[in-house]
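Have a look at coords-v2.csv below; it lists CSV, C-alpha atoms.
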```
chain,number,residue,atom,x,y,z
N,129,MET,CA,-2.0,-50.1,29.8
N,130,THR,CA,-5.7,-49.5,29.9
N,131,MET,CA,-7.7,-51.2,27.1
N,132,TYR,CA,-11.0,-50.6,25.3
N,133,ASP,CA,-13.1,-53.7,24.6
N,134,ARG,CA,-13.3,-54.7,21.0
N,135,GLU,CA,-16.6,-53.2,20.3
N,136,GLU,CA,-15.6,-49.8,21.7
N,137,SER,CA,-12.3,-49.9,19.8
N,138,ILE,CA,-14.1,-50.5,16.5
N,139,GLU,CA,-16.6,-47.7,17.2
N,140,ARG,CA,-13.8,-45.2,17.9
N,141,LEU,CA,-11.8,-46.4,14.9
N,142,SER,CA,-14.8,-45.9,12.6
N,143,GLU,CA,-14.3,-42.2,13.3
N,144,LYS,CA,-10.6,-42.3,12.4
N,145,LEU,CA,-10.2,-44.7,9.5
N,146,ASP,CA,-11.7,-44.8,6.0
N,147,GLU,CA,-14.0,-47.6,4.9
N,148,LYS,CA,-11.2,-49.8,3.5
N,149,GLN,CA,-9.0,-49.4,6.5
N,150,LEU,CA,-11.9,-50.1,8.9
N,151,ARG,CA,-12.8,-53.2,7.0
N,152,LYS,CA,-9.2,-54.4,7.2
N,153,VAL,CA,-8.9,-54.0,11.0
N,154,ILE,CA,-12.3,-55.8,11.5
N,155,THR,CA,-11.7,-58.7,9.2
N,156,GLN,CA,-8.0,-59.4,9.1
N,157,GLY,CA,-7.4,-60.7,12.6
N,158,TYR,CA,-6.2,-57.8,14.6
N,159,SER,CA,-6.1,-58.5,18.3
N,160,ASP,CA,-8.1,-56.6,20.9
N,161,ILE,CA,-4.8,-55.1,22.1
N,162,SER,CA,-4.0,-53.9,18.6
N,163,LEU,CA,-7.4,-52.4,18.1
N,164,SER,CA,-7.4,-50.7,21.5
N,165,LEU,CA,-4.0,-49.2,20.8
N,166,MET,CA,-5.2,-47.9,17.4
N,167,ALA,CA,-8.3,-46.5,18.9
N,168,LYS,CA,-6.3,-44.3,21.4
N,169,LEU,CA,-4.2,-42.8,18.7
N,170,ARG,CA,-4.8,-39.7,16.5
N,171,PRO,CA,-6.1,-40.6,13.1
N,172,GLU,CA,-2.8,-40.2,11.3
N,173,PHE,CA,-1.0,-42.6,13.6
N,174,ALA,CA,-3.9,-45.1,13.7
N,175,LYS,CA,-3.7,-45.2,9.9
N,176,GLN,CA,0.0,-45.7,10.1
N,177,LEU,CA,-0.5,-48.9,12.0
N,178,VAL,CA,-3.1,-50.1,9.5
N,179,ASP,CA,-1.2,-49.2,6.3
N,180,ASN,CA,2.3,-50.4,7.1
N,181,LYS,CA,3.8,-53.4,5.4
N,182,TYR,CA,3.5,-55.7,8.4
N,183,SER,CA,0.8,-58.4,8.6
N,184,PRO,CA,-1.9,-58.1,11.3
N,185,GLU,CA,-0.2,-61.1,13.0
N,186,THR,CA,3.1,-59.3,13.3
N,187,MET,CA,1.4,-56.1,14.5
N,188,ASN,CA,-0.3,-58.2,17.1
N,189,LYS,CA,3.0,-59.5,18.3
N,190,LEU,CA,4.4,-56.0,18.6
N,191,THR,CA,1.4,-54.4,20.3
N,192,ASP,CA,1.4,-57.4,22.8
N,193,ALA,CA,5.1,-56.7,23.5
N,194,LEU,CA,4.3,-53.1,24.1
N,195,ALA,CA,1.3,-53.9,26.3
N,196,HIS,CA,3.5,-56.2,28.5
N,197,ASN,CA,6.4,-53.7,28.7
N,198,LYS,CA,8.8,-55.9,26.7
N,199,ILE,CA,9.4,-52.9,24.5
N,200,ASP,CA,8.6,-49.3,25.1
N,201,GLU,CA,6.8,-46.7,22.9
N,202,ASP,CA,10.0,-45.5,21.4
N,203,ASP,CA,11.0,-49.0,20.3
N,204,PHE,CA,7.5,-49.6,18.9
N,205,TRP,CA,7.3,-46.5,16.8
N,206,HIS,CA,10.9,-46.8,15.6
N,207,ILE,CA,10.1,-50.2,14.2
N,208,VAL,CA,6.7,-49.1,12.8
N,209,ASP,CA,8.2,-46.0,11.1
N,210,HIS,CA,10.6,-48.1,9.2
N,211,SER,CA,7.9,-50.6,8.1
N,212,GLN,CA,5.9,-48.0,6.0
N,213,HIS,CA,7.7,-48.9,2.8
N,214,SER,CA,9.0,-52.4,3.4
N,215,GLY,CA,8.3,-55.4,5.6
N,216,PHE,CA,11.5,-57.2,4.8
N,217,ASN,CA,12.5,-57.6,8.4
N,218,GLU,CA,9.1,-58.9,9.4
N,219,LYS,CA,10.4,-62.5,9.3
N,220,TYR,CA,12.8,-61.6,12.1
N,221,VAL,CA,10.2,-60.3,14.6
N,222,ASP,CA,10.1,-63.6,16.5
N,223,ASP,CA,13.9,-63.6,16.8
N,224,PHE,CA,13.8,-60.0,17.9
N,225,LEU,CA,11.3,-60.7,20.7
N,226,ASN,CA,13.1,-63.9,21.8
N,227,SER,CA,16.4,-62.0,22.0
N,228,ILE,CA,14.8,-59.6,24.5
N,229,ASP,CA,13.5,-62.6,26.5
N,230,ASN,CA,17.1,-63.9,26.5
N,231,GLY,CA,18.5,-60.7,28.0
N,232,ILE,CA,19.2,-58.3,25.1
N,233,TYR,CA,18.4,-54.7,26.0
N,234,HIS,CA,15.1,-53.8,24.3
N,235,ARG,CA,16.5,-50.6,22.7
N,236,CYS,CA,19.4,-52.4,21.2
N,237,ALA,CA,17.1,-55.1,19.9
N,238,ALA,CA,14.7,-52.7,18.4
N,239,ASN,CA,17.6,-50.8,16.6
N,240,LEU,CA,18.9,-54.1,15.3
N,241,LEU,CA,15.5,-55.2,14.0
N,242,VAL,CA,15.4,-51.9,12.0
N,243,VAL,CA,19.0,-52.4,10.8
N,244,VAL,CA,18.2,-55.7,9.2
N,245,GLN,CA,15.5,-54.0,7.2
N,246,TYR,CA,18.5,-52.6,5.2
N,247,GLU,CA,21.6,-54.6,6.0
N,248,ASP,CA,22.3,-57.9,4.2
N,249,VAL,CA,22.2,-59.9,7.4
N,250,SER,CA,19.6,-61.8,9.3
N,251,TYR,CA,18.6,-60.7,12.8
N,252,ASN,CA,20.5,-63.5,14.5
N,253,GLU,CA,23.6,-62.9,12.4
N,254,GLY,CA,23.4,-59.2,13.4
N,255,LEU,CA,23.0,-60.3,17.0
N,256,VAL,CA,26.3,-62.3,16.8
N,257,TYR,CA,28.0,-59.1,15.5
N,258,VAL,CA,26.6,-57.0,18.3
N,259,LYS,CA,27.4,-59.6,21.0
N,260,SER,CA,31.0,-59.8,19.8
N,261,GLY,CA,31.5,-56.2,21.0
N,262,ALA,CA,32.8,-55.2,17.6
N,263,PHE,CA,29.5,-53.6,16.3
N,264,TYR,CA,26.4,-51.8,17.6
N,265,PRO,CA,23.1,-50.8,15.9
N,266,THR,CA,22.4,-47.1,15.7
N,267,GLU,CA,19.1,-45.3,15.7
N,268,ASP,CA,19.7,-44.4,12.1
N,269,ALA,CA,19.5,-48.0,11.0
N,270,CYS,CA,23.2,-48.6,10.7
N,271,LEU,CA,25.3,-51.5,12.0
N,272,THR,CA,28.4,-49.6,12.8
N,273,VAL,CA,31.8,-50.8,14.2
N,274,THR,CA,32.6,-49.6,17.7
N,275,ASP,CA,34.9,-46.6,18.2
N,276,ASP,CA,37.8,-48.8,19.3
N,277,ILE,CA,37.6,-51.1,16.3
N,278,ALA,CA,37.2,-48.1,13.9
N,279,LYS,CA,40.4,-46.5,15.3
N,280,GLU,CA,42.4,-49.7,14.9
N,281,LEU,CA,41.1,-50.4,11.4
N,282,PHE,CA,41.9,-46.8,10.4
N,283,ASP,CA,45.3,-47.0,12.0
N,284,MET,CA,46.0,-50.2,10.0
N,285,GLY,CA,45.1,-48.5,6.7
N,286,VAL,CA,41.8,-50.3,6.1
N,287,LYS,CA,39.4,-48.4,3.8
N,288,LEU,CA,36.4,-47.2,5.9
N,289,ARG,CA,33.1,-45.6,4.9
N,290,GLY,CA,31.2,-43.2,7.2
N,291,CYS,CA,27.5,-42.3,7.3
N,292,GLU,CA,26.2,-39.0,8.6
N,293,GLY,CA,22.5,-39.3,9.5
N,294,PHE,CA,20.5,-41.8,7.6
N,295,ASN,CA,22.0,-41.8,4.1
N,296,HIS,CA,24.9,-39.4,3.7
N,297,TYR,CA,27.9,-41.7,2.9
N,298,TYR,CA,31.5,-40.7,2.5
N,299,ASP,CA,35.1,-42.1,2.6
N,300,VAL,CA,36.6,-41.7,6.0
N,301,ASP,CA,39.9,-39.7,5.9
N,302,ASP,CA,39.8,-38.4,9.5
N,303,ILE,CA,38.6,-41.0,12.0
N,304,SER,CA,38.7,-38.6,14.9
N,305,ALA,CA,36.4,-36.2,13.3
N,306,SER,CA,34.0,-38.9,12.2
N,307,LEU,CA,33.8,-40.4,15.7
N,308,LYS,CA,33.4,-36.9,17.3
N,309,ASP,CA,30.4,-36.3,15.0
N,310,HIS,CA,29.0,-39.7,16.1
N,311,ASP,CA,28.9,-40.9,12.5
N,312,ALA,CA,28.4,-44.6,11.7
N,313,ILE,CA,31.6,-46.3,10.5
N,314,PHE,CA,31.5,-49.2,8.0
N,315,VAL,CA,34.1,-51.7,7.0
N,316,GLY,CA,33.8,-53.7,3.7
N,317,ASP,CA,34.0,-57.1,5.4
N,318,LYS,CA,32.3,-57.4,8.8
N,319,ASN,CA,34.4,-60.5,9.6
N,320,LEU,CA,37.5,-58.3,9.5
N,321,ALA,CA,36.1,-56.3,12.4
N,322,LEU,CA,35.4,-59.5,14.3
N,323,LYS,CA,38.9,-60.7,13.8
N,324,VAL,CA,40.4,-57.4,14.8
N,325,ASN,CA,38.3,-57.4,17.9
N,326,GLU,CA,39.5,-60.9,18.7
N,327,PHE,CA,43.2,-60.2,18.1
N,328,MET,CA,43.0,-56.9,20.0
N,329,LYS,CA,42.4,-58.8,23.2
N,330,GLN,CA,45.8,-60.6,22.9
N,331,PRO,CA,48.9,-59.1,24.5
N,332,ASP,CA,50.9,-59.1,21.3
N,333,TRP,CA,48.3,-57.2,19.3
N,334,GLU,CA,50.5,-54.2,18.5
N,335,GLN,CA,53.3,-56.5,17.3
N,336,PHE,CA,50.9,-58.5,15.1
N,337,LYS,CA,49.3,-55.4,13.7
N,338,GLU,CA,52.7,-54.1,12.6
N,339,TYR,CA,53.5,-57.6,11.1
N,340,ALA,CA,50.2,-57.7,9.2
N,341,VAL,CA,50.5,-54.2,7.8
N,342,LYS,CA,54.0,-55.1,6.6
N,343,VAL,CA,53.0,-58.4,5.0
N,344,LEU,CA,49.9,-56.9,3.3
N,345,GLY,CA,51.3,-53.7,1.9
N,346,SER,CA,48.6,-51.9,-0.2
N,347,GLU,CA,46.4,-55.0,0.1
N,348,ILE,CA,45.6,-53.8,3.6
N,349,GLN,CA,43.0,-51.4,2.3
N,350,THR,CA,40.6,-54.1,1.3
N,351,VAL,CA,41.8,-57.0,3.4
N,352,THR,CA,39.2,-59.6,4.5
N,353,GLY,CA,38.8,-61.2,7.9
N,354,ASN,CA,39.8,-64.6,6.4
N,355,ARG,CA,42.9,-63.2,5.0
N,356,LEU,CA,43.9,-61.5,8.3
N,357,ASP,CA,43.2,-64.8,10.0
N,358,GLN,CA,45.6,-66.6,7.7
N,359,ILE,CA,48.3,-64.0,8.3
N,360,HIS,CA,47.7,-64.4,12.1
N,361,THR,CA,48.2,-68.1,11.8
N,362,ASN,CA,51.5,-67.5,9.9
N,363,TYR,CA,52.5,-64.9,12.5
N,364,ILE,CA,51.9,-67.3,15.4
N,365,ALA,CA,53.9,-70.0,13.6
N,366,ASP,CA,56.8,-67.6,12.9
N,367,ARG,CA,56.8,-66.4,16.5
N,368,ASN,CA,56.7,-69.9,17.9
N,369,MET,CA,59.5,-71.1,15.5
N,370,ARG,CA,61.6,-68.1,16.5
N,371,LEU,CA,61.1,-68.8,20.2
N,372,LEU,CA,61.9,-72.5,19.7
N,373,PHE,CA,65.1,-71.6,17.7
N,374,GLU,CA,66.2,-69.2,20.4
N,375,LYS,CA,65.6,-71.8,23.1
N,376,VAL,CA,67.5,-74.7,21.4
N,377,GLN,CA,70.3,-72.3,20.3
N,378,GLN,CA,70.8,-71.2,23.9
N,379,GLU,CA,70.7,-74.8,25.1
N,380,PHE,CA,73.3,-75.8,22.4
N,381,GLU,CA,75.6,-73.0,23.6
N,382,SER,CA,75.3,-74.2,27.2
N,383,PHE,CA,75.9,-77.8,26.0
N,384,LYS,CA,79.2,-76.7,24.2
N,385,ALA,CA,80.3,-74.6,27.2
N,386,ASP,CA,79.9,-77.6,29.4
N,387,LEU,CA,81.8,-79.8,27.0
N,388,ARG,CA,84.8,-77.4,27.0
N,389,THR,CA,85.3,-78.3,30.7
N,390,LYS,CA,85.5,-82.0,29.9
N,391,PRO,CA,88.5,-84.1,28.9
N,392,ALA,CA,89.4,-84.5,25.3
N,393,ASP,CA,88.3,-88.1,25.1
N,394,ASP,CA,84.8,-87.1,26.4
N,395,ILE,CA,84.6,-84.4,23.7
N,396,ILE,CA,85.6,-86.9,21.0
N,397,ASN,CA,83.0,-89.4,22.2
N,398,ALA,CA,80.4,-86.7,22.1
N,399,ALA,CA,81.1,-86.0,18.4
N,400,TYR,CA,77.9,-87.5,17.1
N,401,GLU,CA,75.8,-85.7,19.7
N,402,ILE,CA,77.5,-82.4,18.9
N,403,VAL,CA,76.8,-82.8,15.1
N,404,SER,CA,73.2,-84.0,15.7
N,405,LYS,CA,72.3,-81.2,18.1
N,406,GLU,CA,73.9,-78.7,15.7
N,407,ASP,CA,71.7,-80.1,12.9
N,408,ILE,CA,68.6,-79.7,15.1
N,409,VAL,CA,69.5,-76.1,15.9
N,410,CYS,CA,70.0,-75.4,12.2
N,411,TYR,CA,66.7,-77.0,11.3
N,412,CYS,CA,64.9,-74.9,13.8
N,413,GLU,CA,66.6,-71.8,12.3
N,414,TYR,CA,65.8,-72.4,8.7
N,415,GLN,CA,62.7,-74.7,8.6
N,416,THR,CA,59.2,-74.3,9.8
N,417,PRO,CA,57.8,-77.7,10.9
N,418,GLU,CA,54.1,-78.1,10.7
N,419,LEU,CA,53.4,-78.1,14.4
N,420,SER,CA,50.3,-77.0,16.2
N,421,GLU,CA,50.4,-74.2,18.7
N,422,LYS,CA,49.8,-76.8,21.4
N,423,GLN,CA,52.9,-78.8,20.2
N,424,TYR,CA,55.0,-75.6,20.1
N,425,ASN,CA,53.9,-74.8,23.7
N,426,ALA,CA,54.9,-78.3,24.8
N,427,LEU,CA,58.4,-78.0,23.3
N,428,LEU,CA,58.8,-74.6,24.8
N,429,SER,CA,57.8,-75.9,28.2
N,430,SER,CA,60.6,-78.4,28.4
N,431,SER,CA,63.5,-77.7,30.8
N,432,ASN,CA,65.8,-78.7,27.9
N,433,THR,CA,64.1,-79.1,24.6
N,434,LEU,CA,67.3,-79.8,22.7
N,435,ASP,CA,68.2,-82.8,24.9
N,436,GLU,CA,64.7,-84.2,24.5
N,437,VAL,CA,64.6,-83.8,20.7
N,438,TYR,CA,68.1,-85.3,20.4
N,439,GLU,CA,67.1,-88.4,22.5
N,440,GLU,CA,64.1,-88.9,20.3
N,441,TRP,CA,66.3,-88.6,17.2
N,442,ARG,CA,68.9,-91.0,18.6
N,443,SER,CA,66.5,-93.6,19.8
N,444,ASN,CA,64.4,-93.8,16.6
N,445,SER,CA,66.1,-96.0,14.0
N,446,GLU,CA,63.8,-94.7,11.2
N,447,PHE,CA,65.2,-91.1,11.5
N,448,HIS,CA,68.1,-90.6,9.0
N,449,SER,CA,67.9,-87.4,7.0
N,450,LEU,CA,67.8,-83.8,8.2
N,451,TYR,CA,64.1,-83.6,7.2
N,452,ASP,CA,63.3,-86.2,9.7
N,453,ILE,CA,64.2,-83.7,12.4
N,454,GLY,CA,60.7,-82.3,11.9
N,455,LEU,CA,59.3,-85.6,12.7
N,456,ALA,CA,61.5,-85.8,15.8
N,457,LEU,CA,60.2,-82.4,16.9
N,458,GLU,CA,56.7,-83.6,16.4
N,459,GLU,CA,57.2,-86.9,18.3
N,460,THR,CA,58.9,-85.1,21.2
N,461,ALA,CA,56.2,-82.5,21.4
N,462,ASP,CA,53.5,-85.2,21.6
N,463,LYS,CA,55.4,-87.1,24.3
N,464,ILE,CA,55.9,-83.9,26.4
N,465,GLN,CA,52.2,-83.0,26.0
N,466,TYR,CA,51.2,-86.5,27.0
N,467,ALA,CA,53.3,-86.3,30.1
N,468,ILE,CA,51.8,-82.9,31.0
N,469,GLU,CA,48.3,-84.1,30.6
N,470,ARG,CA,49.0,-87.3,32.6
N,471,GLU,CA,50.5,-85.2,35.4
N,472,VAL,CA,47.4,-82.9,35.4
N,473,HIS,CA,45.1,-85.9,35.4
N,474,GLU,CA,47.0,-87.4,38.4
N,475,GLN,CA,46.8,-84.1,40.3
N,476,ILE,CA,43.0,-84.0,39.7
N,477,LYS,CA,42.6,-87.6,40.9
N,478,GLN,CA,44.8,-87.2,44.0
N,479,PRO,CA,42.2,-85.2,46.1
N,480,ASP,CA,39.7,-87.9,45.3
N,481,LYS,CA,42.0,-90.6,46.7
N,482,GLN,CA,42.5,-88.6,49.9
N,483,GLU,CA,38.8,-88.2,50.2
N,484,VAL,CA,38.2,-91.9,49.8
N,485,LYS,CA,40.8,-92.7,52.5
N,486,LEU,CA,39.1,-90.4,54.9
N,487,GLU,CA,35.7,-91.9,54.2
N,488,ASN,CA,37.1,-95.4,54.7
N,489,LYS,CA,38.7,-94.6,58.0
N,490,PRO,CA,37.2,-96.9,60.7
N,491,LYS,CA,34.9,-95.3,63.1
N,492,ASN,CA,36.0,-94.9,66.7
N,493,ARG,CA,33.5,-97.1,68.6
N,494,SER,CA,35.1,-96.6,72.0
N,495,MET,CA,32.7,-95.6,74.8
```

Render the structure in this file as structure tokens.
Amino acid sequence: MTMYDREESIERLSEKLDEKQLRKVITQGYSDISLSLMAKLRPEFAKQLVDNKYSPETMNKLTDALAHNKIDEDDFWHIVDHSQHSGFNEKYVDDFLNSIDNGIYHRCAANLLVVVQYEDVSYNEGLVYVKSGAFYPTEDACLTVTDDIAKELFDMGVKLRGCEGFNHYYDVDDISASLKDHDAIFVGDKNLALKVNEFMKQPDWEQFKEYAVKVLGSEIQTVTGNRLDQIHTNYIADRNMRLLFEKVQQEFESFKADLRTKPADDIINAAYEIVSKEDIVCYCEYQTPELSEKQYNALLSSSNTLDEVYEEWRSNSEFHSLYDIGLALEETADKIQYAIEREVHEQIKQPDKQEVKLENKPKNRSM
């Protein structure tokens, strides 16, 4: 980018700007780069750079970014065009430039800077939305959900708004048509799109989506991300509880089948174990203990969960009522998890021991 020196820039600008504008560019701290850029433009564009709502300091940052190829002319003029009536996003210019330094594509960054002129989000908040993969900033200053997210939200029954061009808004009733026309798609709660994007990556997304729609009913139209997250937590708990019940039920059936092959005296002696295990199975069928997903996974990883929970129940003198079965499940899960973590720790340490043995092997000093 060739530059005029300051004196030549001001001389050329004196032929393009009125007296007030010229006084501003001379006295308000515009850099040599900014003045040189203005001097090369046609009068109407030079005036646009002087009369926009950005401070000279901000214009200097933008012209410097342009001169050093951090942004291109399309980025620059896109930002400037939207600064003619408001400089609200000026406070985010440093974040905008830093994001490009940190690897954000310059066109995406420029579009996002323009978006936050109108959206009720900061630049960095908008960047989080974009990095999530659930949103992207359009050239029409919209922060729209991606096509995949839009389709899923629409399929769930969530109310969506579309925007054709810059300011023609409408209720979406045909998502395929809206996406075909490349219209921006908006959802009432951005966090909802983030949650859907997160849950879509899980293998049971379709099952959870069906579950959520059934639970929410008509509430689905205006559901929030936090509400969907709560439902997902319940869904995971219900799923894990069902899997746990099915596991201990199968183990109980195997236990009874094995007992039938035993002598009558053995069956009579096992009466307490039979009743206790049946209570454990019934508890898992009708109750939902407050276990973490990690604890559920530990119980489900056991070769025989029912045996382990029964042993915990039998060996703890403080367990008496059926409600204590929940505590027995929790204690058993923690012990299984501890054993798993200990085994992993030992496996990690084992190679280190072998390496130490090799290092300590006496050297062969024979000639």

Please report the interatomic distance between atom CA of Leu344 of chain N and atom CA of Asp301 of chain N in Å with one decimal.
20.1 Å

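Across the structure, atom CA of Leu141 of chain N and atom CA of Val208 of chain N are spaced 18.8 Å apart.
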
Residues within 12 Å of Glu253 of chain N, please, as a list in words. Count all atoms listed in the file; anything in the same chain fewer than 5 positions from it doesn't count.
Tyr220, Asp223, Phe224, Leu240, Leu241, Val243, Val244, Glu247, Asp248, Val258, Lys259, Ser260, Phe263, Leu271, Lys318 and Asn319 of chain N

Show which residues sit within 10 Å of segment 345-348 of chain N, as a ChimeraX atom specification. Count only C-alpha atoms, and ignore same-chain residues fewer than 2 positions away.
/N:281,284-287,340-343,350-352,355-356

Interface rows for segment 313-385 of chain N against segment 407-411 of chain N: nearest pair, Å to one decimal, 9 Å, all atoms listed in the file, as a tab-separated table:
```
residue	atom	partner	partner_atom	distance
N:Phe373	CA	N:Val409	CA	6.5
N:Glu374	CA	N:Val409	CA	8.9
N:Val376	CA	N:Val409	CA	6.0
N:Gln377	CA	N:Val409	CA	5.9
N:Phe380	CA	N:Val409	CA	7.5
```

Preceding selection exported with C-alpha atoms as a PDB file, in the frame of the given file:
```
ATOM      1  CA  PHE N 373      65.100 -71.600  17.700  1.00  0.00           C
ATOM      2  CA  GLU N 374      66.200 -69.200  20.400  1.00  0.00           C
ATOM      3  CA  VAL N 376      67.500 -74.700  21.400  1.00  0.00           C
ATOM      4  CA  GLN N 377      70.300 -72.300  20.300  1.00  0.00           C
ATOM      5  CA  PHE N 380      73.300 -75.800  22.400  1.00  0.00           C
TER       6      PHE N 380
END
```

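Neighbours of segment 288-296 of chain N closer than or equal to 8 Å, with all atoms listed in the file counted and sequence neighbours fewer than 5 positions away skipped, come out as Asp268, Ala269, Cys270, Leu281, Phe282, Ser306, Asp311, Ala312, Ile313, Phe314, Val315 and Gly316 of chain N.
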
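Across the model, the gap from atom CA of Asp332 of chain N to atom CA of Asp462 of chain N is 26.2 Å.
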
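When all atoms listed in the file are used to measure the gap to Leu427 of chain N, the shortest distance among N:Glu338, N:Asp203, N:Glu446, N:Glu458 belongs to N:Glu458.
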
Contact residues around Glu172 of chain N with all atoms listed in the file at 9 Å, ignoring same-chain residues under 3 positions, as a PDB file with C-alpha atoms, in the coordinates of the input:
```
ATOM      1  CA  LYS N 144     -10.600 -42.300  12.400  1.00  0.00           C
ATOM      2  CA  LEU N 145     -10.200 -44.700   9.500  1.00  0.00           C
ATOM      3  CA  LEU N 169      -4.200 -42.800  18.700  1.00  0.00           C
ATOM      4  CA  LYS N 175      -3.700 -45.200   9.900  1.00  0.00           C
ATOM      5  CA  GLN N 176       0.000 -45.700  10.100  1.00  0.00           C
TER       6      GLN N 176
END
```

Selection: 8 Å around segment 178-184 of chain N, all atoms listed in the file, excl. self and same-chain fewer than 3 positions, as a PDB file with C-alpha atoms, in the frame of the given file:
```pdb
ATOM      1  CA  GLN N 149      -9.000 -49.400   6.500  1.00  0.00           C
ATOM      2  CA  LYS N 152      -9.200 -54.400   7.200  1.00  0.00           C
ATOM      3  CA  VAL N 153      -8.900 -54.000  11.000  1.00  0.00           C
ATOM      4  CA  GLN N 156      -8.000 -59.400   9.100  1.00  0.00           C
ATOM      5  CA  GLY N 157      -7.400 -60.700  12.600  1.00  0.00           C
ATOM      6  CA  TYR N 158      -6.200 -57.800  14.600  1.00  0.00           C
ATOM      7  CA  ALA N 174      -3.900 -45.100  13.700  1.00  0.00           C
ATOM      8  CA  LYS N 175      -3.700 -45.200   9.900  1.00  0.00           C
ATOM      9  CA  MET N 187       1.400 -56.100  14.500  1.00  0.00           C
ATOM     10  CA  ASN N 188      -0.300 -58.200  17.100  1.00  0.00           C
ATOM     11  CA  VAL N 208       6.700 -49.100  12.800  1.00  0.00           C
ATOM     12  CA  SER N 211       7.900 -50.600   8.100  1.00  0.00           C
ATOM     13  CA  GLN N 212       5.900 -48.000   6.000  1.00  0.00           C
ATOM     14  CA  HIS N 213       7.700 -48.900   2.800  1.00  0.00           C
ATOM     15  CA  SER N 214       9.000 -52.400   3.400  1.00  0.00           C
ATOM     16  CA  GLY N 215       8.300 -55.400   5.600  1.00  0.00           C
ATOM     17  CA  GLU N 218       9.100 -58.900   9.400  1.00  0.00           C
TER      18      GLU N 218
END
```

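The residue that comes closest to Tyr257 of chain N, out of N:Leu434, N:Ala321, N:Met131, N:Leu163 and on the basis of all atoms listed in the file, is N:Ala321.
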
Shortest contact to Ser404 of chain N, candidates N:Val242, N:His360, N:Ala365, N:Ile453, atoms counted only C-alpha atoms, goes to N:Ile453

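Residue nearest Gln415 of chain N within the list N:Glu459, N:Glu267, N:Asp229, N:Asp366: N:Asp366 [criterion: smallest interatomic distance, all atoms listed in the file].
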
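Each of N:Asp276, N:Glu413, N:Tyr339, N:Phe216 was checked against Val249 of chain N using all atoms listed in the file; the smallest atom-to-atom distance is that of N:Phe216.
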
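Minimum atom-to-atom distances from N:Asn362, N:Asp192, N:Tyr438, N:Gln465 to Asp452 of chain N were compared using all atoms listed in the file, and the lowest value belongs to N:Tyr438.
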